[in-house]
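query-v1.pdb follows; it contains PDB, C-alpha atoms.
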```pdb
ATOM      1  CA  MET A   1    -265.615 -33.459 137.637  1.00  0.00           C
ATOM      2  CA  ASP A   2    -264.196 -36.604 139.208  1.00  0.00           C
ATOM      3  CA  PRO A   3    -263.377 -36.062 142.921  1.00  0.00           C
ATOM      4  CA  ARG A   4    -260.953 -39.011 143.024  1.00  0.00           C
ATOM      5  CA  PHE A   5    -257.470 -37.574 143.408  1.00  0.00           C
ATOM      6  CA  VAL A   6    -255.458 -40.145 145.370  1.00  0.00           C
ATOM      7  CA  THR A   7    -252.882 -41.344 142.855  1.00  0.00           C
ATOM      8  CA  ARG A   8    -250.561 -44.305 143.221  1.00  0.00           C
ATOM      9  CA  SER A   9    -247.730 -41.879 144.102  1.00  0.00           C
ATOM     10  CA  LEU A  10    -249.719 -40.021 146.742  1.00  0.00           C
ATOM     11  CA  HIS A  11    -250.872 -43.315 148.222  1.00  0.00           C
ATOM     12  CA  ALA A  12    -247.251 -44.518 148.358  1.00  0.00           C
ATOM     13  CA  PHE A  13    -246.255 -41.460 150.385  1.00  0.00           C
ATOM     14  CA  LEU A  14    -249.103 -42.075 152.845  1.00  0.00           C
ATOM     15  CA  ASP A  15    -248.345 -45.761 153.400  1.00  0.00           C
ATOM     16  CA  TYR A  16    -245.192 -45.639 155.533  1.00  0.00           C
ATOM     17  CA  PRO A  17    -246.387 -42.955 158.008  1.00  0.00           C
ATOM     18  CA  VAL A  18    -249.736 -44.723 158.373  1.00  0.00           C
ATOM     19  CA  ALA A  19    -248.034 -48.068 159.050  1.00  0.00           C
ATOM     20  CA  LEU A  20    -245.748 -46.476 161.639  1.00  0.00           C
ATOM     21  CA  SER A  21    -248.654 -44.696 163.334  1.00  0.00           C
ATOM     22  CA  LEU A  22    -250.583 -47.965 163.550  1.00  0.00           C
ATOM     23  CA  MET A  23    -247.601 -49.429 165.402  1.00  0.00           C
ATOM     24  CA  ALA A  24    -247.128 -46.423 167.721  1.00  0.00           C
ATOM     25  CA  MET A  25    -250.650 -45.234 168.546  1.00  0.00           C
ATOM     26  CA  PRO A  26    -251.667 -48.195 170.734  1.00  0.00           C
ATOM     27  CA  PHE A  27    -248.826 -47.191 173.087  1.00  0.00           C
ATOM     28  CA  ILE A  28    -249.515 -43.462 172.869  1.00  0.00           C
ATOM     29  CA  LEU A  29    -253.282 -43.779 173.385  1.00  0.00           C
ATOM     30  CA  GLY A  30    -253.120 -46.665 175.818  1.00  0.00           C
ATOM     31  CA  LEU A  31    -255.382 -48.865 173.731  1.00  0.00           C
ATOM     32  CA  GLY A  32    -256.567 -52.178 175.123  1.00  0.00           C
ATOM     33  CA  ALA A  33    -258.573 -51.094 178.176  1.00  0.00           C
ATOM     34  CA  SER A  34    -261.792 -52.688 176.927  1.00  0.00           C
ATOM     35  CA  ASN A  35    -260.114 -55.673 175.267  1.00  0.00           C
ATOM     36  CA  PRO A  36    -256.388 -56.474 174.869  1.00  0.00           C
ATOM     37  CA  LEU A  37    -257.020 -57.163 171.178  1.00  0.00           C
ATOM     38  CA  ALA A  38    -257.618 -53.429 170.694  1.00  0.00           C
ATOM     39  CA  PHE A  39    -253.933 -52.922 171.505  1.00  0.00           C
ATOM     40  CA  TRP A  40    -252.593 -55.770 169.376  1.00  0.00           C
ATOM     41  CA  LEU A  41    -254.796 -55.443 166.291  1.00  0.00           C
ATOM     42  CA  ALA A  42    -253.437 -52.012 165.387  1.00  0.00           C
ATOM     43  CA  GLY A  43    -249.806 -52.964 165.957  1.00  0.00           C
ATOM     44  CA  VAL A  44    -250.002 -56.188 163.984  1.00  0.00           C
ATOM     45  CA  THR A  45    -251.869 -54.384 161.206  1.00  0.00           C
ATOM     46  CA  GLY A  46    -249.177 -51.696 161.192  1.00  0.00           C
ATOM     47  CA  VAL A  47    -246.408 -54.280 160.781  1.00  0.00           C
ATOM     48  CA  ALA A  48    -248.380 -56.003 158.015  1.00  0.00           C
ATOM     49  CA  ALA A  49    -249.041 -52.646 156.309  1.00  0.00           C
ATOM     50  CA  PHE A  50    -245.333 -51.821 156.423  1.00  0.00           C
ATOM     51  CA  VAL A  51    -244.422 -55.173 154.858  1.00  0.00           C
ATOM     52  CA  LEU A  52    -247.162 -54.796 152.239  1.00  0.00           C
ATOM     53  CA  THR A  53    -245.843 -51.337 151.333  1.00  0.00           C
ATOM     54  CA  VAL A  54    -242.274 -52.607 151.005  1.00  0.00           C
ATOM     55  CA  PHE A  55    -243.448 -55.246 148.507  1.00  0.00           C
ATOM     56  CA  THR A  56    -246.011 -53.125 146.572  1.00  0.00           C
ATOM     57  CA  ASP A  57    -245.358 -52.072 142.994  1.00  0.00           C
ATOM     58  CA  HIS A  58    -245.387 -48.311 143.534  1.00  0.00           C
ATOM     59  CA  GLN A  59    -242.687 -45.677 143.638  1.00  0.00           C
ATOM     60  CA  LEU A  60    -241.735 -46.279 147.293  1.00  0.00           C
ATOM     61  CA  GLY A  61    -241.957 -50.062 147.168  1.00  0.00           C
ATOM     62  CA  LEU A  62    -238.567 -51.628 147.721  1.00  0.00           C
ATOM     63  CA  PHE A  63    -239.273 -55.028 146.178  1.00  0.00           C
ATOM     64  CA  ARG A  64    -242.197 -54.168 143.830  1.00  0.00           C
ATOM     65  CA  VAL A  65    -243.588 -57.685 143.446  1.00  0.00           C
ATOM     66  CA  LEU A  66    -247.197 -57.191 144.587  1.00  0.00           C
ATOM     67  CA  PRO A  67    -249.611 -55.396 142.276  1.00  0.00           C
ATOM     68  CA  TYR A  68    -250.942 -52.066 143.462  1.00  0.00           C
ATOM     69  CA  SER A  69    -254.486 -53.389 142.930  1.00  0.00           C
ATOM     70  CA  LEU A  70    -253.819 -56.066 145.579  1.00  0.00           C
ATOM     71  CA  HIS A  71    -252.560 -53.369 147.929  1.00  0.00           C
ATOM     72  CA  LEU A  72    -255.812 -51.420 147.437  1.00  0.00           C
ATOM     73  CA  ALA A  73    -257.871 -54.571 148.051  1.00  0.00           C
ATOM     74  CA  VAL A  74    -255.999 -55.200 151.310  1.00  0.00           C
ATOM     75  CA  ASP A  75    -256.554 -51.574 152.345  1.00  0.00           C
ATOM     76  CA  LEU A  76    -260.280 -51.980 151.671  1.00  0.00           C
ATOM     77  CA  ALA A  77    -260.372 -55.162 153.771  1.00  0.00           C
ATOM     78  CA  VAL A  78    -258.496 -53.442 156.627  1.00  0.00           C
ATOM     79  CA  GLY A  79    -260.937 -50.537 156.565  1.00  0.00           C
ATOM     80  CA  LEU A  80    -263.900 -52.907 156.790  1.00  0.00           C
ATOM     81  CA  VAL A  81    -262.286 -54.957 159.582  1.00  0.00           C
ATOM     82  CA  PHE A  82    -261.495 -51.792 161.546  1.00  0.00           C
ATOM     83  CA  ILE A  83    -265.128 -50.617 161.264  1.00  0.00           C
ATOM     84  CA  ALA A  84    -266.445 -54.029 162.368  1.00  0.00           C
ATOM     85  CA  ALA A  85    -263.873 -54.779 165.096  1.00  0.00           C
ATOM     86  CA  PRO A  86    -265.474 -52.699 167.872  1.00  0.00           C
ATOM     87  CA  PHE A  87    -268.803 -54.452 167.341  1.00  0.00           C
ATOM     88  CA  VAL A  88    -267.387 -57.952 166.971  1.00  0.00           C
ATOM     89  CA  LEU A  89    -264.757 -57.688 169.720  1.00  0.00           C
ATOM     90  CA  ALA A  90    -266.751 -55.468 172.127  1.00  0.00           C
ATOM     91  CA  PHE A  91    -264.307 -52.560 172.078  1.00  0.00           C
ATOM     92  CA  LYS A  92    -265.509 -49.618 174.145  1.00  0.00           C
ATOM     93  CA  GLY A  93    -264.453 -45.998 174.573  1.00  0.00           C
ATOM     94  CA  ILE A  94    -261.197 -44.929 172.944  1.00  0.00           C
ATOM     95  CA  ASP A  95    -260.611 -48.469 171.703  1.00  0.00           C
ATOM     96  CA  ALA A  96    -263.809 -48.358 169.639  1.00  0.00           C
ATOM     97  CA  TRP A  97    -263.412 -44.764 168.463  1.00  0.00           C
ATOM     98  CA  TYR A  98    -259.810 -45.389 167.351  1.00  0.00           C
ATOM     99  CA  TYR A  99    -260.875 -48.248 165.073  1.00  0.00           C
ATOM    100  CA  TRP A 100    -263.960 -46.485 163.732  1.00  0.00           C
ATOM    101  CA  ALA A 101    -261.932 -43.354 162.896  1.00  0.00           C
ATOM    102  CA  ASN A 102    -259.118 -45.319 161.261  1.00  0.00           C
ATOM    103  CA  GLY A 103    -261.507 -47.580 159.383  1.00  0.00           C
ATOM    104  CA  ALA A 104    -263.434 -44.586 158.056  1.00  0.00           C
ATOM    105  CA  ALA A 105    -260.185 -42.849 157.036  1.00  0.00           C
ATOM    106  CA  VAL A 106    -258.903 -45.915 155.186  1.00  0.00           C
ATOM    107  CA  LEU A 107    -262.212 -46.425 153.377  1.00  0.00           C
ATOM    108  CA  PHE A 108    -262.308 -42.726 152.486  1.00  0.00           C
ATOM    109  CA  VAL A 109    -258.797 -42.812 150.990  1.00  0.00           C
ATOM    110  CA  VAL A 110    -259.560 -46.000 149.049  1.00  0.00           C
ATOM    111  CA  SER A 111    -262.769 -44.445 147.712  1.00  0.00           C
ATOM    112  CA  LEU A 112    -260.765 -41.446 146.464  1.00  0.00           C
ATOM    113  CA  HIS A 113    -258.329 -43.640 144.511  1.00  0.00           C
ATOM    114  CA  LYS A 114    -257.855 -42.218 141.029  1.00  0.00           C
ATOM    115  CA  PRO A 115    -257.990 -44.989 138.419  1.00  0.00           C
ATOM    116  CA  GLU A 116    -254.857 -45.287 136.318  1.00  0.00           C
ATOM    117  CA  GLY A 117    -254.613 -45.384 132.564  1.00  0.00           C
ATOM    118  CA  GLY A 118    -256.276 -43.339 129.899  1.00  0.00           C
ATOM    119  CA  THR A 119    -259.340 -41.273 130.429  1.00  0.00           C
ATOM    120  CA  VAL A 120    -262.690 -42.696 129.563  1.00  0.00           C
ATOM    121  CA  HIS A 121    -264.915 -40.466 127.461  1.00  0.00           C
ATOM    122  CA  MET A 122    -268.652 -40.919 127.487  1.00  0.00           C
ATOM    123  CA  ARG A 123    -270.593 -40.335 124.312  1.00  0.00           C
ATOM    124  CA  THR A 124    -274.160 -39.315 124.197  1.00  0.00           C
ATOM    125  CA  VAL A 125    -276.411 -40.957 121.705  1.00  0.00           C
ATOM    126  CA  SER A 126    -278.744 -38.588 119.847  1.00  0.00           C
TER     127      SER A 126
END
```
Starting from the coordinates I provided, produce the structure as structure tokens.
Amino acid sequence: MDPRFVTRSLHAFLDYPVALSLMAMPFILGLGASNPLAFWLAGVTGVAAFVLTVFTDHQLGLFRVLPYSLHLAVDLAVGLVFIAAPFVLAFKGIDAWYYWANGAAVLFVVSLHKPEGGTVHMRTVS
């Protein structure tokens, strides 16, 4: 049984709230104590994620010009950057934990992406 269940539609419904939370959480959590970039990285990423979602070819995209596969690739890159940022930029405390948790969540969702199209059947050779 394939555990990947995040469809294009489900992903579309997650995108806007995630983008908005990336913009709001630096204020709510008071990010930036260990490095001001901890505050700005999330907010800028949130704005970029919102714009990406608006232009992605999925059911909630407003201008559906960017392929969904590009959107997934950007999500993967963001997850990796968020995991690396605390090490590279010397984030400490809540700043580091915020990025590690978000990076892990993004990578987890991307890993659960359900491929589109027909099902692939495997044959056994006797």
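The smallest atom-to-atom distance between Pro86 (chain A) and any of A:Pro17, A:Gly61, A:Gly32, A:Pro67, using only C-alpha atoms, is found for A:Gly32.
Distances from A:Leu60, A:Asp15, A:Phe50, A:Asp95 to Gly30 (chain A) were compared using all atoms listed in the file, and the smallest one belongs to A:Asp95.
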Quick one: residues within 8 Å of region 99-113 of chain A, all atoms listed in the file counted, chain neighbours fewer than 5 positions away excluded, as a PyMOL selection string? chain A and resi 3-8+72+75-76+78-83+85-86
Non-local contacts of Thr45 (chain A) (7 Å; only C-alpha atoms; under 4 positions in same chain excluded) as a PyMOL selection string: chain A and resi 22+41+49
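The coordinates place CA of Gly46 (chain A) at 18.4 Å from CA of His58 (chain A).
Of the residues under consideration (A:Leu52, A:Leu70, A:Met23, A:Ile28), A:Met23 shows the shortest atom-to-atom contact distance to Trp40 (chain A) when counting all atoms listed in the file.
For Leu31 (chain A), the residues within 10 Å (counting only C-alpha atoms, excluding itself and residues fewer than 6 positions away along the chain) are Met25, Leu37, Ala38, Phe39, Trp40, Leu41, Ala42, Phe91, Gly93, Ile94, Asp95, Ala96 and Tyr98 of chain A.
Closest approach to Ala84 (chain A) from the set A:Leu14, A:Ala48, A:Asp2, A:Trp97 is made by A:Trp97, with distances taken over all atoms listed in the file.
Taking all atoms listed in the file into account, Gly43 (chain A) lies nearest to A:Val18 out of the set A:Val88, A:Ala73, A:Val65, A:Val18.
CA of Pro26 (chain A) to CA of Leu89 (chain A) spans 16.2 Å [interatomic distance, one decimal].
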Given the block above, output region 50-84 of chain A with N, CA and C atoms as a PDB file, in the first residue's frame.
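Output below, filename result_3.pdb:
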```pdb
ATOM      1  N   PHE A  50       3.232  32.594  -1.155  1.00  0.00           N
ATOM      2  CA  PHE A  50       1.913  33.097  -1.537  1.00  0.00           C
ATOM      3  C   PHE A  50       1.873  33.392  -3.033  1.00  0.00           C
ATOM      4  N   VAL A  51       2.888  34.085  -3.526  1.00  0.00           N
ATOM      5  CA  VAL A  51       2.970  34.407  -4.955  1.00  0.00           C
ATOM      6  C   VAL A  51       3.066  33.130  -5.785  1.00  0.00           C
ATOM      7  N   LEU A  52       3.894  32.190  -5.356  1.00  0.00           N
ATOM      8  CA  LEU A  52       4.027  30.919  -6.064  1.00  0.00           C
ATOM      9  C   LEU A  52       2.682  30.205  -6.147  1.00  0.00           C
ATOM     10  N   THR A  53       1.941  30.201  -5.054  1.00  0.00           N
ATOM     11  CA  THR A  53       0.633  29.539  -5.017  1.00  0.00           C
ATOM     12  C   THR A  53      -0.352  30.211  -5.961  1.00  0.00           C
ATOM     13  N   VAL A  54      -0.342  31.519  -6.003  1.00  0.00           N
ATOM     14  CA  VAL A  54      -1.236  32.265  -6.896  1.00  0.00           C
ATOM     15  C   VAL A  54      -0.983  31.892  -8.354  1.00  0.00           C
ATOM     16  N   PHE A  55       0.270  31.614  -8.703  1.00  0.00           N
ATOM     17  CA  PHE A  55       0.634  31.336 -10.093  1.00  0.00           C
ATOM     18  C   PHE A  55       0.755  29.834 -10.430  1.00  0.00           C
ATOM     19  N   THR A  56       0.500  28.950  -9.455  1.00  0.00           N
ATOM     20  CA  THR A  56       0.634  27.509  -9.682  1.00  0.00           C
ATOM     21  C   THR A  56      -0.608  26.938 -10.360  1.00  0.00           C
ATOM     22  N   ASP A  57      -0.365  25.992 -11.242  1.00  0.00           N
ATOM     23  CA  ASP A  57      -1.453  25.309 -11.950  1.00  0.00           C
ATOM     24  C   ASP A  57      -2.050  24.219 -11.054  1.00  0.00           C
ATOM     25  N   HIS A  58      -2.860  24.668 -10.097  1.00  0.00           N
ATOM     26  CA  HIS A  58      -3.679  23.764  -9.287  1.00  0.00           C
ATOM     27  C   HIS A  58      -4.988  24.464  -8.989  1.00  0.00           C
ATOM     28  N   GLN A  59      -5.916  23.783  -8.363  1.00  0.00           N
ATOM     29  CA  GLN A  59      -7.285  24.271  -8.297  1.00  0.00           C
ATOM     30  C   GLN A  59      -7.441  25.616  -7.604  1.00  0.00           C
ATOM     31  N   LEU A  60      -6.519  26.024  -6.745  1.00  0.00           N
ATOM     32  CA  LEU A  60      -6.628  27.327  -6.093  1.00  0.00           C
ATOM     33  C   LEU A  60      -5.674  28.365  -6.668  1.00  0.00           C
ATOM     34  N   GLY A  61      -4.953  27.997  -7.716  1.00  0.00           N
ATOM     35  CA  GLY A  61      -4.096  28.966  -8.390  1.00  0.00           C
ATOM     36  C   GLY A  61      -4.958  29.961  -9.155  1.00  0.00           C
ATOM     37  N   LEU A  62      -4.614  31.211  -9.059  1.00  0.00           N
ATOM     38  CA  LEU A  62      -5.414  32.240  -9.728  1.00  0.00           C
ATOM     39  C   LEU A  62      -4.982  32.469 -11.163  1.00  0.00           C
ATOM     40  N   PHE A  63      -3.683  32.304 -11.428  1.00  0.00           N
ATOM     41  CA  PHE A  63      -3.148  32.546 -12.764  1.00  0.00           C
ATOM     42  C   PHE A  63      -2.431  31.323 -13.313  1.00  0.00           C
ATOM     43  N   ARG A  64      -2.660  30.193 -12.954  1.00  0.00           N
ATOM     44  CA  ARG A  64      -2.193  28.863 -13.333  1.00  0.00           C
ATOM     45  C   ARG A  64      -1.187  28.791 -14.487  1.00  0.00           C
ATOM     46  N   VAL A  65      -0.070  29.467 -14.330  1.00  0.00           N
ATOM     47  CA  VAL A  65       0.950  29.467 -15.383  1.00  0.00           C
ATOM     48  C   VAL A  65       2.192  28.642 -15.023  1.00  0.00           C
ATOM     49  N   LEU A  66       2.391  28.352 -13.749  1.00  0.00           N
ATOM     50  CA  LEU A  66       3.556  27.573 -13.336  1.00  0.00           C
ATOM     51  C   LEU A  66       3.140  26.126 -13.105  1.00  0.00           C
ATOM     52  N   PRO A  67       3.916  25.188 -13.634  1.00  0.00           N
ATOM     53  CA  PRO A  67       3.556  23.781 -13.443  1.00  0.00           C
ATOM     54  C   PRO A  67       3.636  23.385 -11.967  1.00  0.00           C
ATOM     55  N   TYR A  68       2.748  22.496 -11.596  1.00  0.00           N
ATOM     56  CA  TYR A  68       2.718  21.989 -10.225  1.00  0.00           C
ATOM     57  C   TYR A  68       4.047  21.319  -9.861  1.00  0.00           C
ATOM     58  N   SER A  69       4.694  20.687 -10.822  1.00  0.00           N
ATOM     59  CA  SER A  69       5.990  20.044 -10.555  1.00  0.00           C
ATOM     60  C   SER A  69       7.040  21.075 -10.130  1.00  0.00           C
ATOM     61  N   LEU A  70       6.995  22.275 -10.709  1.00  0.00           N
ATOM     62  CA  LEU A  70       7.907  23.344 -10.288  1.00  0.00           C
ATOM     63  C   LEU A  70       7.595  23.753  -8.858  1.00  0.00           C
ATOM     64  N   HIS A  71       6.323  23.862  -8.548  1.00  0.00           N
ATOM     65  CA  HIS A  71       5.899  24.213  -7.190  1.00  0.00           C
ATOM     66  C   HIS A  71       6.473  23.203  -6.187  1.00  0.00           C
ATOM     67  N   LEU A  72       6.352  21.913  -6.502  1.00  0.00           N
ATOM     68  CA  LEU A  72       6.890  20.876  -5.611  1.00  0.00           C
ATOM     69  C   LEU A  72       8.402  20.986  -5.469  1.00  0.00           C
ATOM     70  N   ALA A  73       9.095  21.301  -6.560  1.00  0.00           N
ATOM     71  CA  ALA A  73      10.549  21.456  -6.517  1.00  0.00           C
ATOM     72  C   ALA A  73      10.939  22.635  -5.620  1.00  0.00           C
ATOM     73  N   VAL A  74      10.189  23.725  -5.716  1.00  0.00           N
ATOM     74  CA  VAL A  74      10.450  24.885  -4.857  1.00  0.00           C
ATOM     75  C   VAL A  74      10.191  24.519  -3.402  1.00  0.00           C
ATOM     76  N   ASP A  75       9.103  23.805  -3.135  1.00  0.00           N
ATOM     77  CA  ASP A  75       8.821  23.359  -1.767  1.00  0.00           C
ATOM     78  C   ASP A  75       9.966  22.511  -1.221  1.00  0.00           C
ATOM     79  N   LEU A  76      10.472  21.597  -2.030  1.00  0.00           N
ATOM     80  CA  LEU A  76      11.604  20.764  -1.615  1.00  0.00           C
ATOM     81  C   LEU A  76      12.811  21.638  -1.269  1.00  0.00           C
ATOM     82  N   ALA A  77      13.109  22.603  -2.121  1.00  0.00           N
ATOM     83  CA  ALA A  77      14.249  23.499  -1.884  1.00  0.00           C
ATOM     84  C   ALA A  77      14.050  24.299  -0.588  1.00  0.00           C
ATOM     85  N   VAL A  78      12.834  24.785  -0.365  1.00  0.00           N
ATOM     86  CA  VAL A  78      12.548  25.542   0.867  1.00  0.00           C
ATOM     87  C   VAL A  78      12.753  24.653   2.086  1.00  0.00           C
ATOM     88  N   GLY A  79      12.264  23.424   2.023  1.00  0.00           N
ATOM     89  CA  GLY A  79      12.457  22.510   3.148  1.00  0.00           C
ATOM     90  C   GLY A  79      13.930  22.299   3.461  1.00  0.00           C
ATOM     91  N   LEU A  80      14.735  22.106   2.437  1.00  0.00           N
ATOM     92  CA  LEU A  80      16.171  21.899   2.631  1.00  0.00           C
ATOM     93  C   LEU A  80      16.854  23.155   3.181  1.00  0.00           C
ATOM     94  N   VAL A  81      16.470  24.314   2.657  1.00  0.00           N
ATOM     95  CA  VAL A  81      17.040  25.583   3.149  1.00  0.00           C
ATOM     96  C   VAL A  81      16.661  25.799   4.611  1.00  0.00           C
ATOM     97  N   PHE A  82      15.415  25.508   4.962  1.00  0.00           N
ATOM     98  CA  PHE A  82      14.973  25.695   6.346  1.00  0.00           C
ATOM     99  C   PHE A  82      15.727  24.752   7.297  1.00  0.00           C
ATOM    100  N   ILE A  83      16.016  23.537   6.869  1.00  0.00           N
ATOM    101  CA  ILE A  83      16.788  22.616   7.717  1.00  0.00           C
ATOM    102  C   ILE A  83      18.218  23.122   7.884  1.00  0.00           C
ATOM    103  N   ALA A  84      18.805  23.642   6.813  1.00  0.00           N
ATOM    104  CA  ALA A  84      20.203  24.090   6.848  1.00  0.00           C
ATOM    105  C   ALA A  84      20.389  25.460   7.494  1.00  0.00           C
TER     106      ALA A  84
END
```
